[in-house]
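Data block for start.tsv (TSV, C-alpha atoms):
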```tsv
chain	number	residue	atom	x	y	z
A	1	MET	CA	0.00	0.00	0.00
A	2	GLU	CA	1.35	3.38	-1.02
A	3	VAL	CA	1.38	6.07	1.66
A	4	ILE	CA	0.63	9.59	0.48
A	5	ALA	CA	1.56	12.47	2.75
A	6	GLN	CA	-1.04	15.22	2.83
A	7	LYS	CA	-1.17	18.50	4.66
A	8	LEU	CA	-4.40	19.69	6.23
A	9	SER	CA	-4.09	22.95	4.30
A	10	ASP	CA	-3.93	21.00	0.99
A	11	ILE	CA	-7.08	19.09	1.89
A	12	LEU	CA	-8.93	22.22	3.00
A	13	ASN	CA	-7.91	24.09	-0.15
A	14	SER	CA	-9.24	21.27	-2.34
A	15	LEU	CA	-12.72	21.37	-0.79
A	16	ARG	CA	-15.53	22.85	-2.89
A	17	PRO	CA	-19.15	23.64	-1.99
A	18	LEU	CA	-21.56	20.82	-2.74
A	19	THR	CA	-24.80	22.08	-4.24
A	20	VAL	CA	-27.69	19.76	-3.50
A	21	ASP	CA	-31.31	20.22	-4.52
A	22	TRP	CA	-33.49	19.29	-1.53
A	23	LYS	CA	-36.47	18.61	-3.78
A	24	ASP	CA	-36.37	14.90	-4.35
A	25	GLU	CA	-39.19	12.75	-5.73
A	26	THR	CA	-40.94	12.60	-2.34
A	27	ALA	CA	-40.73	16.37	-1.84
A	28	ASN	CA	-42.16	17.02	-5.30
A	29	ARG	CA	-45.04	14.58	-4.69
A	30	VAL	CA	-45.83	16.06	-1.28
A	31	ILE	CA	-45.66	19.63	-2.57
A	32	GLU	CA	-48.07	18.72	-5.37
A	33	ARG	CA	-50.41	17.04	-2.88
A	34	LEU	CA	-50.30	20.06	-0.56
A	35	ARG	CA	-51.13	22.37	-3.46
A	36	SER	CA	-54.13	20.20	-4.32
A	37	LEU	CA	-55.59	20.27	-0.79
A	38	HIS	CA	-58.81	22.20	-0.57
A	39	VAL	CA	-58.77	25.10	1.85
A	40	LYS	CA	-61.41	24.60	4.52
A	41	LYS	CA	-62.31	26.28	7.78
A	42	VAL	CA	-62.69	22.85	9.38
A	43	TYR	CA	-61.13	19.55	8.40
A	44	ALA	CA	-62.54	16.12	9.24
A	45	ALA	CA	-61.35	12.57	9.77
A	46	GLU	CA	-62.35	11.86	6.17
A	47	ASP	CA	-59.71	14.33	4.98
A	48	LEU	CA	-57.05	12.35	6.87
A	49	ARG	CA	-58.36	9.08	5.46
A	50	GLU	CA	-58.06	10.46	1.92
A	51	LEU	CA	-54.48	11.60	2.57
A	52	LEU	CA	-53.45	8.24	4.03
A	53	ASP	CA	-55.32	6.14	1.46
A	54	GLU	CA	-53.73	7.96	-1.48
A	55	ASN	CA	-50.18	7.42	-0.23
A	56	PHE	CA	-49.71	6.49	3.42
A	57	GLU	CA	-46.09	7.65	3.79
A	58	ASP	CA	-46.77	10.97	2.06
A	59	GLY	CA	-49.94	11.41	4.13
A	60	ILE	CA	-48.03	10.86	7.37
A	61	LEU	CA	-45.36	13.31	6.20
A	62	ILE	CA	-48.07	15.90	5.50
A	63	CYS	CA	-49.51	15.35	8.99
A	64	ARG	CA	-46.02	15.88	10.44
A	65	LEU	CA	-45.65	19.09	8.45
A	66	PHE	CA	-48.93	20.46	9.76
A	67	LEU	CA	-47.92	19.53	13.31
A	68	GLU	CA	-44.40	20.94	12.84
A	69	LEU	CA	-42.84	17.73	14.15
A	70	SER	CA	-39.70	15.96	13.02
A	71	LYS	CA	-40.02	12.31	12.10
A	72	ASP	CA	-38.54	11.24	15.45
A	73	GLN	CA	-40.86	13.54	17.40
A	74	PHE	CA	-43.90	12.37	15.46
A	75	VAL	CA	-43.04	8.69	15.92
A	76	SER	CA	-42.63	9.23	19.65
A	77	VAL	CA	-45.93	11.13	19.93
A	78	LEU	CA	-47.90	8.59	17.89
A	79	GLN	CA	-46.38	5.65	19.77
A	80	SER	CA	-47.35	7.25	23.08
A	81	ILE	CA	-50.92	7.57	21.83
A	82	ARG	CA	-51.12	4.14	20.16
A	83	VAL	CA	-49.68	2.13	23.03
A	84	GLY	CA	-49.68	-1.53	22.01
A	85	SER	CA	-50.54	-0.75	18.38
A	86	GLY	CA	-48.32	-0.10	15.41
A	87	ILE	CA	-47.87	3.22	13.66
A	88	GLY	CA	-47.14	2.03	10.15
A	89	VAL	CA	-49.14	1.28	7.03
A	90	LYS	CA	-49.95	-2.30	8.12
A	91	SER	CA	-51.48	-1.04	11.34
A	92	TYR	CA	-53.40	1.61	9.40
A	93	LYS	CA	-54.79	-0.93	6.93
A	94	ALA	CA	-55.71	-3.34	9.75
A	95	ASP	CA	-57.94	-0.75	11.50
A	96	ARG	CA	-58.25	2.57	9.65
A	97	LYS	CA	-60.79	4.03	12.07
A	98	ALA	CA	-58.72	3.36	15.22
A	99	PHE	CA	-55.57	4.66	13.54
A	100	ILE	CA	-57.27	7.87	12.43
A	101	ASP	CA	-58.95	8.31	15.83
A	102	ASP	CA	-55.52	8.13	17.43
A	103	LEU	CA	-54.07	10.49	14.84
A	104	LEU	CA	-56.83	12.96	15.70
A	105	ALA	CA	-55.51	13.04	19.27
A	106	THR	CA	-52.41	14.85	17.98
A	107	GLY	CA	-54.50	17.89	17.03
A	108	VAL	CA	-53.70	17.49	13.34
A	109	LEU	CA	-57.12	18.66	12.13
A	110	GLU	CA	-56.85	21.88	14.11
A	111	ALA	CA	-53.30	22.38	12.81
A	112	MET	CA	-54.53	21.87	9.24
A	113	ALA	CA	-57.30	24.45	9.66
A	114	GLU	CA	-54.92	26.93	11.27
A	115	GLU	CA	-52.33	26.63	8.53
A	116	ALA	CA	-54.88	26.70	5.71
A	117	SER	CA	-56.41	29.93	7.02
A	118	ARG	CA	-53.10	31.63	7.82
A	119	LYS	CA	-52.49	34.94	6.08
A	120	VAL	CA	-48.83	34.82	5.08
A	121	HIS	CA	-46.59	37.85	5.48
A	122	TRP	CA	-43.17	38.07	3.82
A	123	THR	CA	-41.49	37.85	7.24
A	124	ASP	CA	-43.07	34.40	7.71
A	125	VAL	CA	-40.88	33.08	4.90
A	126	LEU	CA	-37.75	34.47	6.52
A	127	VAL	CA	-38.77	33.20	9.95
A	128	GLU	CA	-39.29	29.73	8.45
A	129	ARG	CA	-35.84	29.87	6.87
A	130	LEU	CA	-34.39	30.79	10.25
A	131	ARG	CA	-36.32	27.97	11.93
A	132	SER	CA	-35.23	25.37	9.40
A	133	GLY	CA	-31.60	26.35	9.84
A	134	ARG	CA	-31.73	26.37	13.63
A	135	GLY	CA	-34.61	24.01	14.26
A	136	SER	CA	-32.66	20.75	14.50
A	137	ALA	CA	-30.47	21.89	17.35
A	138	ILE	CA	-33.28	23.58	19.20
A	139	SER	CA	-35.82	20.79	18.66
A	140	GLY	CA	-33.53	18.35	20.44
A	141	PHE	CA	-33.72	20.62	23.45
A	142	ARG	CA	-37.51	21.00	23.32
A	143	GLY	CA	-38.31	17.48	22.06
A	144	SER	CA	-39.02	15.93	25.44
A	145	ASN	CA	-41.52	18.66	26.33
A	146	CYS	CA	-43.36	18.22	23.02
A	147	GLN	CA	-44.41	14.66	23.79
A	148	LYS	CA	-46.14	15.59	27.04
A	149	SER	CA	-48.73	17.77	25.33
A	150	PHE	CA	-49.97	14.92	23.13
A	151	ARG	CA	-50.49	12.25	25.77
A	152	ARG	CA	-54.01	11.11	26.48
```
Will you turn the file into structure tokens for me?
Amino acid sequence: MEVIAQKLSDILNSLRPLTVDWKDETANRVIERLRSLHVKKVYAAEDLRELLDENFEDGILICRLFLELSKDQFVSVLQSIRVGSGIGVKSYKADRKAFIDDLLATGVLEAMAEEASRKVHWTDVLVERLRSGRGSAISGFRGSNCQKSFRR
């Protein structure tokens, strides 16, 4: 094996920014689905059923977006509500009504109505950019408190 001597400065000088488009296939599908949602003052369990029946994983992601929860936070919240039951597509298909009833306990319908009726100001976009950049570090700090508010 050939040994190559490298200096840290040589390595650092060779680094270049990596441009990555965050919009993958899932993001594009979810964005399209969000744009097709009808704006309502009140959402119902049937709206959740339609989301989950069309594409369960995308529907769950949309619920998480409305609730402003990371995947880990959402899993923890839903598991605390569905004690002894699964939180995946098999569990949903086995008993859609029970799954949706438990999902309702998260407050997702209220979150949907609140977001759909929100009047957006330009500062909201900048605040969201700030949140997305800082949110991961801060959410780890707040994560344990988040779960308490969703328990039955």
- Task: Choose the residue, out of A:Asp10, A:Asp101, A:Glu128, A:Glu50, that has the smallest atom-to-atom separation from Arg33 of chain A; count only C-alpha atoms.
- Result: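 Going through A:Asp10, A:Asp101, A:Glu128, A:Glu50 one by one, the smallest distance to Arg33 of chain A is for A:Glu50.
Across the structure, atom CA of Leu15 of chain A and atom CA of Ala27 of chain A are spaced 28.5 Å apart.
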Determine the axis-aligned bounding box of all atoms of segment 68-85 of chain A present in the file, pad each side by 5 Å, and express its centre and edge lengths in Å to one decimal place as lines of an AutoDock Vina configuration file.
```
center_x = -44.8
center_y = 9.7
center_z = 17.6
size_x = 22.6
size_y = 32.5
size_z = 21.0
```
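Shortest separation to Leu104 of chain A among A:Lys119, A:Ala44, A:Leu34, A:Ser132 occurs at residue A:Ala44, atoms counted being only C-alpha atoms.
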- Using atom CA of Leu109 of chain A and atom CA of Asp124 of chain A as the two end points, give the distance in Å to one decimal.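 A separation of 21.6 Å between them.
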- Query: If we count only C-alpha atoms, what is near Tyr43 of chain A at a cut-off of 10 Å, once residues fewer than 3 positions away on the same chain are taken out, given as a PyMOL selection string?
  - Reply: chain A and resi 38-40+46-48+108-113+116
- Task: Can you work out the spacing between atom CA of Thr26 of chain A and atom CA of Leu61 of chain A in Å, to one decimal?
- Result: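 Taking atom CA of Thr26 of chain A as the start and atom CA of Leu61 of chain A as the end point, the length is 9.6 Å.
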- Give as a list in words every residue, naming chains and numbers as the document does, that has an atom within 10 Å of (-50.3, 14.8, 10.1), counting all atoms listed in the file. Leu48, Leu51, Leu52, Asp58, Gly59, Ile60, Leu61, Ile62, Cys63, Arg64, Leu65, Phe66, Leu67, Glu68, Leu69, Phe74, Leu103, Leu104, Thr106, Gly107, Val108, Leu109, Ala111 and Met112 of chain A
- Query: For Glu115 of chain A, which of A:Arg96, A:Arg49, A:Lys41, A:Lys90 is the closest residue, counting only C-alpha atoms?
  - Reply: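 Nearest candidate to Glu115 of chain A out of A:Arg96, A:Arg49, A:Lys41, A:Lys90: A:Lys41.
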- Item | Closest of A:Thr123, A:Leu8, A:Lys97, A:Gly133 to Ala45 of chain A - atom-to-atom distances counting all atoms listed in the file | A:Lys97
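Near Asp95 of chain A, within 12 Å and counting only C-alpha atoms, sit Arg49, Ser85, Gly86, Ile87, Gly88, Val89, Asp101 and Asp102 of chain A; same-chain residues fewer than 6 positions away were not included.
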C-alpha atoms of the current selection, written as a CSV table (one decimal), keeping the file's coordinate frame:
```
chain,number,residue,atom,x,y,z
A,49,ARG,CA,-58.4,9.1,5.5
A,85,SER,CA,-50.5,-0.8,18.4
A,86,GLY,CA,-48.3,-0.1,15.4
A,87,ILE,CA,-47.9,3.2,13.7
A,88,GLY,CA,-47.1,2.0,10.2
A,89,VAL,CA,-49.1,1.3,7.0
A,101,ASP,CA,-59.0,8.3,15.8
A,102,ASP,CA,-55.5,8.1,17.4
```
